[in-house]
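Participant: Structure in structure tokens, see below.
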Amino acid sequence: MWHRLLPALLAAVLVLGCIELLGAGTAQALAAEQQGAPAETAAATRADPGAPKLQRPDYPSLGVSSRTVVWIVAQMHLFFGALVLAVPIFVLVIELIGFKTGDERYDDMAHEFMKVSLTAYAITALFGGTLALALFLLYPQFMAYLTRVFGSQVLVYAVLFFLESLFLYVYYYGWDALRYGNRKWVHLTLGLLLNAVGTTLLVVANSWTTFMMAPSGLDPATGAVTGSIWEIMKGPLWNPLNLHRFLANISFGGAVVGAYAAFKFLAAKTAAEKAHYDWMGYTSNFTAILAFLPLPFAGYWMMAEIYAYSQQMGILAMGGILAWLFVIQAVLICTILLAGNYYLWTGMSRTEGGERYRWLVKYIAIVLVLGFLVWVTPHNVIYTGAEIARLGGGNHPVLGPLGIMPAKNIAVFLMLIYTFLSFQLYRRADKVITVAWRDWGNALTIVVYIVASANVILAGVYYGYFTNTVYKVGSSVIQVMSTVVVIASGVTIDTLMFRGAKTLPVYWGKVPERSQYALFALPVAFTWLMALMGYIRSSVRTHWHVYTVMKDNSPDNFIPALATVGNVVTGVTLLFLVFLLFIFWIANLSSTRQVPPAPAGIPAAGDAAA
Amino acid sequence: MKALARPLLFSIVLILAFASVTYLLPQMKGEAPDEKEVNLTDLTMDGYVSLGEELFAGKGTCTLCHNKLARAPDLLAYDVVKTSLERIADARYAGKARDDESYLRESMLQPSAYVVKGFGKKGTDDTESPMPAVDQPPIQLSEIEIGAIIAYMQNKDGNTVTVALPRAAPAAGKKAEGGGAQPAPARSAEAVIAKFGCAACHDVLTTRSPIGPSLTDVGKRLGVEQIRNSIIDPKAVIAEGFPPVMPDFPAMTLTELDLLVRFLEQQKGAAR
């Protein structure tokens with residue numbers, strides 16, 4: 001087991017070594033003080049010099065763009081970090097379900113999910129170490145400042161990292177040894193501790209990111225530390241980012257292990273294997289979409305906090321150059337929703353009861369496609385003079401109104417509502433409802449959908465187009481509440497209606513192979529989306545390392561052209577795909593056993609077949 | 001192998017499809033603000049106004065909010081000088097400005113002195129502006145740059161530009177001040193002629209000088225634009241028989257220039 005800890009140890013030693021090197025300067029100054037330096041000098045040395053004001057020569061160069069190097073390595077670290085922090089969360093839930101129901105299939109599936117996460121952990125540590133090295137090498141003074149600001153909190157992070165490694169390996173390798181009875185509780189506790197440490201790691205690392213975006217606990221004029229470490233960590237964007245990343249990680253993790261299940265499903269030789277991996281893929285997709293549905297609300301909170309902190313920063317993201325990237329975000333999220341829905345629709349073929357709802361699929365598809373088209377419509381594009389003359393202005397008379405936020409809000413919320421309808425139909429597909437008030441229940445469900453859809457549309461149109469700008473945001477509350485009511489009432493009504501329902505047989509494995517491609521589309525779109533949104537979040541700082549406190553005067557202190565962004569994001573997504581295939585291959589390899597060589601004189605099985 | 005190859009191909013095609021969308025978008029780039037030095041020696045009022053226009057859309061990041069999308073008042077859509085005076089007279093005004101120039105300066109340095117209805121921070125009943133002070137991070141405009149934006153704002157609707165051209169860089173660390181005192185611009189053509197010493201070289205008004213061409217009949221010889229250009233760029237066209245010694249007048253405000261041009265245009269008397 002200890003050889004598996006090696007990458008984690010190396011990464012931690014690397015980080016601590018870099019911190020030690022940076023601390024050497026301070027140590028020398030203190031030594032000078034002790035050797036009789038003038039009192040004023042000593043006092044000045046003790047005082048926090050604040051954020052350094054860097055000039056271009058202060059940035060070491062490797063001959064390639066330092067930002068791109070850090071960008072790629074950081075994004076790879078974040079991909080794998082998200083995976084290894086998220087998978088144990090839903091694995092613990094699945095394990096608990098298996099334990100409570102006594103169905104060992106859950107336990108086996110949870111264990112298999114962890115196999116993927118475990119290999120990813122070593123790669124996370126390696127990219128983490130490389131990232132630390134790249135940052136200290138390419139941005140030494142910036143990192144020295146951050147280290148000074150966060151001080152011993154960095155050591156806490158290192159300790160948490162060791163604990164995470166410890167719990168992860170004991171949790172995984174102790175699975176079969178702690179499988180039944182009270183020992184299972186010990187195992188579940190280990191899983192809980194693993195997740196507690198993992199989530200703490202996440203929020204600690206998030207504080208570095210949000211500090212750079214919205215610094216707190218500092219003298220704003222000099223950047224000198226004036227507050228406690230808690231004041232520094234608890235900036236205005238910390239909790240919104242914590243929630244957003246927590247949900248996004250689960251969704252991303254679900255999507256990635258779903259791809260693993262799809263890969264295994266396509267490679268399966270037997271019906272039993274197909275059934276197992278079909279079920280595993282379904283569970284992964286369920287997890288990914290379940291965590292994905294509240295994500296827009298978390299994103300909304302985060303953007304609202306960004307606007308509250310700095311309207312300029314908010315507008316740069318949503319209305320400046322970076323706003324164009326939200327066109328791609330629309331394409332990506334719509335891909336996720338279409339893939340998730342498509343998987344549910346094809347999944348209804350697992351049971352005969354699915355036929356009852358098939359006629360609704362085309363209407364849901366129409367809502368999704370129309371929503372996609374509205375969402376992807378830009379407010380305006382760059383026209384030639386002749387085009388502007390023909391249009392009679394900078395905006396298309398019909399499509400222009402669809403390009404602004406109110407129209408997109410209507411599209412997004414309707415897509416979420418009707419994605420939930422797909423999910424609700426899927427859940428109903430294998431059931432024959434028998435309660436006496438069945439018709440009233442169905443009628444109530446239909447009314448909820450109609451009223452919620454009308455709310456979303458009317459509130460969006462009224463607030464978006466017939467009120468002053470300042471009131472436009474007013475529609476969001478009604479739209480969010482309508483969507484939440486659909487989901488909450490749908491779950492409640494169905495739960496009550498499913499009492500005593502007759503359950504139809506579900507034939508796991510009986511899905512068309514093309515359905516599995518939806519499970520590949522999900523992680524691809526999630527990965528691209530994660531890299532894109534991470535870039536936007538980071539770029540709103542523009543030419544500041546630490547917004548308003550420490551300027552970025554490096555050669556890369558500009559916002560690159562959008563195609564350049566696309567190239568880097570595509571590059572890291574492809575790189576992640578390569579590593580993912582490696583992980584799948586390793587996970588597959590670990591369950592492959594070589595056929596023992598046949599004793600002399602007896603032909604081997606392969607020979608006999610030949 | 002087939003189980004891996006097809007999904008792999010599918011994934012790569014999907015990734016490239018997403019990448020291709022970025023190529024369909026406008027390829028804009030966001031440069032960090034250019035901290036260029038303003039050459040005060042050669043700076044003309046037109047150049048100063050142009051600098052203001054450049055800063056308005058560039059380093060000042062004003063257009064991020066002050067645009068047609070109504071995130072903040074669209075300053076290019078109305079006469080800000082006229083509106084400034086109305087706002088100073090408004091009961092909600094909490095600042096100290098007395099004229100449009102000091103109001104504009106104050107609105108950049110203390111944006112909450114007057115918040116236009118509907119544009120205040122949420123929950124403040126339009127008493128607090130979301131606009132950052134432009135001399136503070138992240139914008140950090142210098143006093144000269146703030147003056148340039150005021151000059152641009154005054155000039156864009158044909159109003160009198162009252163901001164004086166900066167003569168020297170302010171002392172290091174000196175902060176821009178709301179409504180700071182500036183040298184009073186000349187208010188008549190005669191005052192402009194006296195201020196810039198035109199009579200030292202030209203026949204003008206009651207004085208006579210042989211160094212430069214007479215200005216008493218200049219309205220007969222040159223059109224309005226030619227007169228204007230000969231003041232803005234004296235060395236572009238040299239009157240025959242006269243030495244190219246006329247200096248630039250970088251400190252001349254646009255109003256002074258207009259006063260002078262209008263006066264000279266009317267000078268149609270007989271040449272000496």
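How things are named: the first chain in the structure tokens is A, the next is B, and so on; residues count from 1 in each chain; ligands count from 1 in the order shown.
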Could you build a table of the residues in chain A lying no more than 8 Å from chain B, giving for each the nearest pair of atoms and their separation in Å rounded to one decimal place, using only C-alpha atoms, ordered by chain and ascending residue number, as JSON lines?

Facilitator:
{"residue": "A:Phe263", "atom": "CA", "partner": "B:Ala3", "partner_atom": "CA", "distance": 6.5}
{"residue": "A:Leu266", "atom": "CA", "partner": "B:Ala3", "partner_atom": "CA", "distance": 5.2}
{"residue": "A:Ala267", "atom": "CA", "partner": "B:Ala3", "partner_atom": "CA", "distance": 5.2}
{"residue": "A:Ser310", "atom": "CA", "partner": "B:Pro130", "partner_atom": "CA", "distance": 7.5}
{"residue": "A:Gln311", "atom": "CA", "partner": "B:Pro130", "partner_atom": "CA", "distance": 6.3}
{"residue": "A:Gln312", "atom": "CA", "partner": "B:Leu64", "partner_atom": "CA", "distance": 7.3}
{"residue": "A:Ile315", "atom": "CA", "partner": "B:Leu64", "partner_atom": "CA", "distance": 6.9}
{"residue": "A:Leu316", "atom": "CA", "partner": "B:Leu64", "partner_atom": "CA", "distance": 7.1}
{"residue": "A:Gly319", "atom": "CA", "partner": "B:Leu64", "partner_atom": "CA", "distance": 7.6}
{"residue": "A:Gly320", "atom": "CA", "partner": "B:Leu64", "partner_atom": "CA", "distance": 6.7}
{"residue": "A:Ile321", "atom": "CA", "partner": "B:Met28", "partner_atom": "CA", "distance": 6.9}
{"residue": "A:Trp324", "atom": "CA", "partner": "B:Leu25", "partner_atom": "CA", "distance": 7.0}
{"residue": "A:Leu325", "atom": "CA", "partner": "B:Thr22", "partner_atom": "CA", "distance": 7.6}
{"residue": "A:Ile328", "atom": "CA", "partner": "B:Val21", "partner_atom": "CA", "distance": 6.6}
{"residue": "A:Val331", "atom": "CA", "partner": "B:Phe18", "partner_atom": "CA", "distance": 7.7}
{"residue": "A:Leu332", "atom": "CA", "partner": "B:Phe18", "partner_atom": "CA", "distance": 7.5}
{"residue": "A:Val381", "atom": "CA", "partner": "B:Pro26", "partner_atom": "CA", "distance": 7.5}
{"residue": "A:Ile382", "atom": "CA", "partner": "B:Pro26", "partner_atom": "CA", "distance": 6.9}
{"residue": "A:Asn468", "atom": "CA", "partner": "B:Gly118", "partner_atom": "CA", "distance": 7.9}
{"residue": "A:Thr469", "atom": "CA", "partner": "B:Ala70", "partner_atom": "CA", "distance": 6.9}
{"residue": "A:Val470", "atom": "CA", "partner": "B:Gly118", "partner_atom": "CA", "distance": 6.2}
{"residue": "A:Tyr517", "atom": "CA", "partner": "B:Pro7", "partner_atom": "CA", "distance": 6.7}
{"residue": "A:Phe520", "atom": "CA", "partner": "B:Ser11", "partner_atom": "CA", "distance": 6.7}
{"residue": "A:Ala521", "atom": "CA", "partner": "B:Ser11", "partner_atom": "CA", "distance": 6.7}
{"residue": "A:Val524", "atom": "CA", "partner": "B:Ser11", "partner_atom": "CA", "distance": 6.4}
{"residue": "A:Ala525", "atom": "CA", "partner": "B:Ile15", "partner_atom": "CA", "distance": 7.7}
{"residue": "A:Trp528", "atom": "CA", "partner": "B:Ile15", "partner_atom": "CA", "distance": 7.5}
{"residue": "A:Thr542", "atom": "CA", "partner": "B:Ala32", "partner_atom": "CA", "distance": 7.2}
{"residue": "A:His543", "atom": "CA", "partner": "B:Ala32", "partner_atom": "CA", "distance": 5.7}
{"residue": "A:Tyr547", "atom": "CA", "partner": "B:Pro138", "partner_atom": "CA", "distance": 7.1}
{"residue": "A:Thr548", "atom": "CA", "partner": "B:Pro138", "partner_atom": "CA", "distance": 4.8}
{"residue": "A:Val549", "atom": "CA", "partner": "B:Pro137", "partner_atom": "CA", "distance": 7.4}
{"residue": "A:Asn557", "atom": "CA", "partner": "B:Ala32", "partner_atom": "CA", "distance": 6.1}
{"residue": "A:Phe558", "atom": "CA", "partner": "B:Glu31", "partner_atom": "CA", "distance": 4.6}
{"residue": "A:Ile559", "atom": "CA", "partner": "B:Gly30", "partner_atom": "CA", "distance": 4.5}
{"residue": "A:Pro560", "atom": "CA", "partner": "B:Lys29", "partner_atom": "CA", "distance": 5.1}
{"residue": "A:Ala561", "atom": "CA", "partner": "B:Lys29", "partner_atom": "CA", "distance": 4.6}
{"residue": "A:Leu562", "atom": "CA", "partner": "B:Gln27", "partner_atom": "CA", "distance": 5.6}
{"residue": "A:Ala563", "atom": "CA", "partner": "B:Thr22", "partner_atom": "CA", "distance": 5.0}
{"residue": "A:Val565", "atom": "CA", "partner": "B:Thr22", "partner_atom": "CA", "distance": 7.9}
{"residue": "A:Gly566", "atom": "CA", "partner": "B:Ala19", "partner_atom": "CA", "distance": 5.3}
{"residue": "A:Asn567", "atom": "CA", "partner": "B:Ala19", "partner_atom": "CA", "distance": 6.7}
{"residue": "A:Val569", "atom": "CA", "partner": "B:Ala19", "partner_atom": "CA", "distance": 8.0}
{"residue": "A:Thr570", "atom": "CA", "partner": "B:Ala19", "partner_atom": "CA", "distance": 6.1}
{"residue": "A:Thr573", "atom": "CA", "partner": "B:Ile15", "partner_atom": "CA", "distance": 7.5}
{"residue": "A:Leu574", "atom": "CA", "partner": "B:Ile12", "partner_atom": "CA", "distance": 7.4}

Participant: Which parts of region 17-252 of chain B does DSSP call alpha helix (DSSP H) when run on the backbone here, written out as a PyMOL selection string?

Facilitator: chain B and resi 17-24+45-57+80-88+100-109+143-155+189-196+218-221+224-232

Participant: Running DSSP on the backbone, which parts of region 517-594 of chain A land in strand (DSSP E or B), as an NGL selection string?

Facilitator: :A and (544-546 or 550-551 or 559)

Participant: Given the choices A:Ala262, A:Ala122, A:Leu414, A:Ala134, which gets closest to Ser65 (chain A) if the distance is worked out from only C-alpha atoms?

Facilitator: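 Going through A:Ala262, A:Ala122, A:Leu414, A:Ala134 one by one, the smallest distance to Ser65 (chain A) is for A:Ala134.
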
Participant: Quick one: residues within 10 Å of region 201-210 of chain B, only C-alpha atoms, excluding same-chain residues fewer than 4 positions away - as a PyMOL selection string?

Facilitator: chain B and resi 190+193+197+214-218+242+245-246+264+267+271-272

Participant: CA of Leu202 (chain A) and CA of Val149 (chain A), how far apart in Å?

Facilitator: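 Separation of CA of Val149 (chain A) and CA of Leu202 (chain A): 18.6 Å.
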
Participant: Tell me which of A:Phe420, A:Glu355, A:Ser207, A:Thr130 sits closest to Phe292 (chain A), counting only C-alpha atoms.

Facilitator: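 Comparing A:Phe420, A:Glu355, A:Ser207, A:Thr130 against Phe292 (chain A), the winner is A:Phe420.
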
Participant: Could you give me, as a list of chain:residue names, the residues within 9 Å of region 453-458 of chain A, counting only C-alpha atoms and dropping anything in the same chain fewer than 5 positions from it?

Facilitator: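 Neighbouring residues, sequence-local ones excluded: A:Ala407, A:Asn409, A:Ile410, A:Ala411, A:Phe413, A:Leu414, A:Ile417, A:Val448, A:Tyr463, A:Ser475, A:Ser476, A:Ile478, A:Gln479, A:Val480, A:Ser482, A:Thr483.
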
Participant: How many Å lie between CA of Leu51 (chain B) and CA of Ala148 (chain B), rounded to one decimal?

Facilitator: 6.1 Å

Participant: I'd like the contact shell of region 500-503 of chain A - 8 Å cut-off, only C-alpha atoms, skipping same-chain residues fewer than 3 positions apart - returned as a list in words.

Facilitator: Asp430, Lys431, Val432, Ile433, Thr434, Val435 and Met497 of chain A

Participant: Generate the output file for the selected residues, N, CA and C atoms, as a PDB file, in the first residue's frame.

Facilitator:
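Printed below is out33.pdb as written:
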ATOM      1  N   ASP A 430     -41.532   1.667 -14.812  1.00  0.00           N
ATOM      2  CA  ASP A 430     -41.619   0.274 -14.351  1.00  0.00           C
ATOM      3  C   ASP A 430     -42.672   0.083 -13.267  1.00  0.00           C
ATOM      4  N   LYS A 431     -43.608   1.040 -13.200  1.00  0.00           N
ATOM      5  CA  LYS A 431     -44.626   0.924 -12.136  1.00  0.00           C
ATOM      6  C   LYS A 431     -46.037   1.042 -12.706  1.00  0.00           C
ATOM      7  N   VAL A 432     -46.936   0.300 -12.097  1.00  0.00           N
ATOM      8  CA  VAL A 432     -48.358   0.457 -12.396  1.00  0.00           C
ATOM      9  C   VAL A 432     -48.996   0.980 -11.111  1.00  0.00           C
ATOM     10  N   ILE A 433     -49.422   2.245 -11.173  1.00  0.00           N
ATOM     11  CA  ILE A 433     -49.919   2.896  -9.960  1.00  0.00           C
ATOM     12  C   ILE A 433     -51.311   2.362  -9.631  1.00  0.00           C
ATOM     13  N   THR A 434     -51.515   2.053  -8.366  1.00  0.00           N
ATOM     14  CA  THR A 434     -52.787   1.416  -7.989  1.00  0.00           C
ATOM     15  C   THR A 434     -53.598   2.235  -6.996  1.00  0.00           C
ATOM     16  N   VAL A 435     -53.060   3.357  -6.502  1.00  0.00           N
ATOM     17  CA  VAL A 435     -53.825   4.103  -5.491  1.00  0.00           C
ATOM     18  C   VAL A 435     -55.130   4.625  -6.108  1.00  0.00           C
ATOM     19  N   MET A 497     -47.882   8.241  -4.626  1.00  0.00           N
ATOM     20  CA  MET A 497     -48.614   7.424  -5.604  1.00  0.00           C
ATOM     21  C   MET A 497     -47.996   6.031  -5.778  1.00  0.00           C
TER      22      MET A 497
END

Participant: For Phe249 (chain B), which residue out of B:Gly212, B:Gly47, B:Gly58, B:Gly95 is the nearest one, using only C-alpha atoms?

Facilitator: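 Residue with the minimum atom-to-atom distance to Phe249 (chain B): B:Gly47.
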
Participant: CA of Ile232 (chain A) to CA of Pro60 (chain A): how many Å, to one decimal?

Facilitator: 28.0 Å
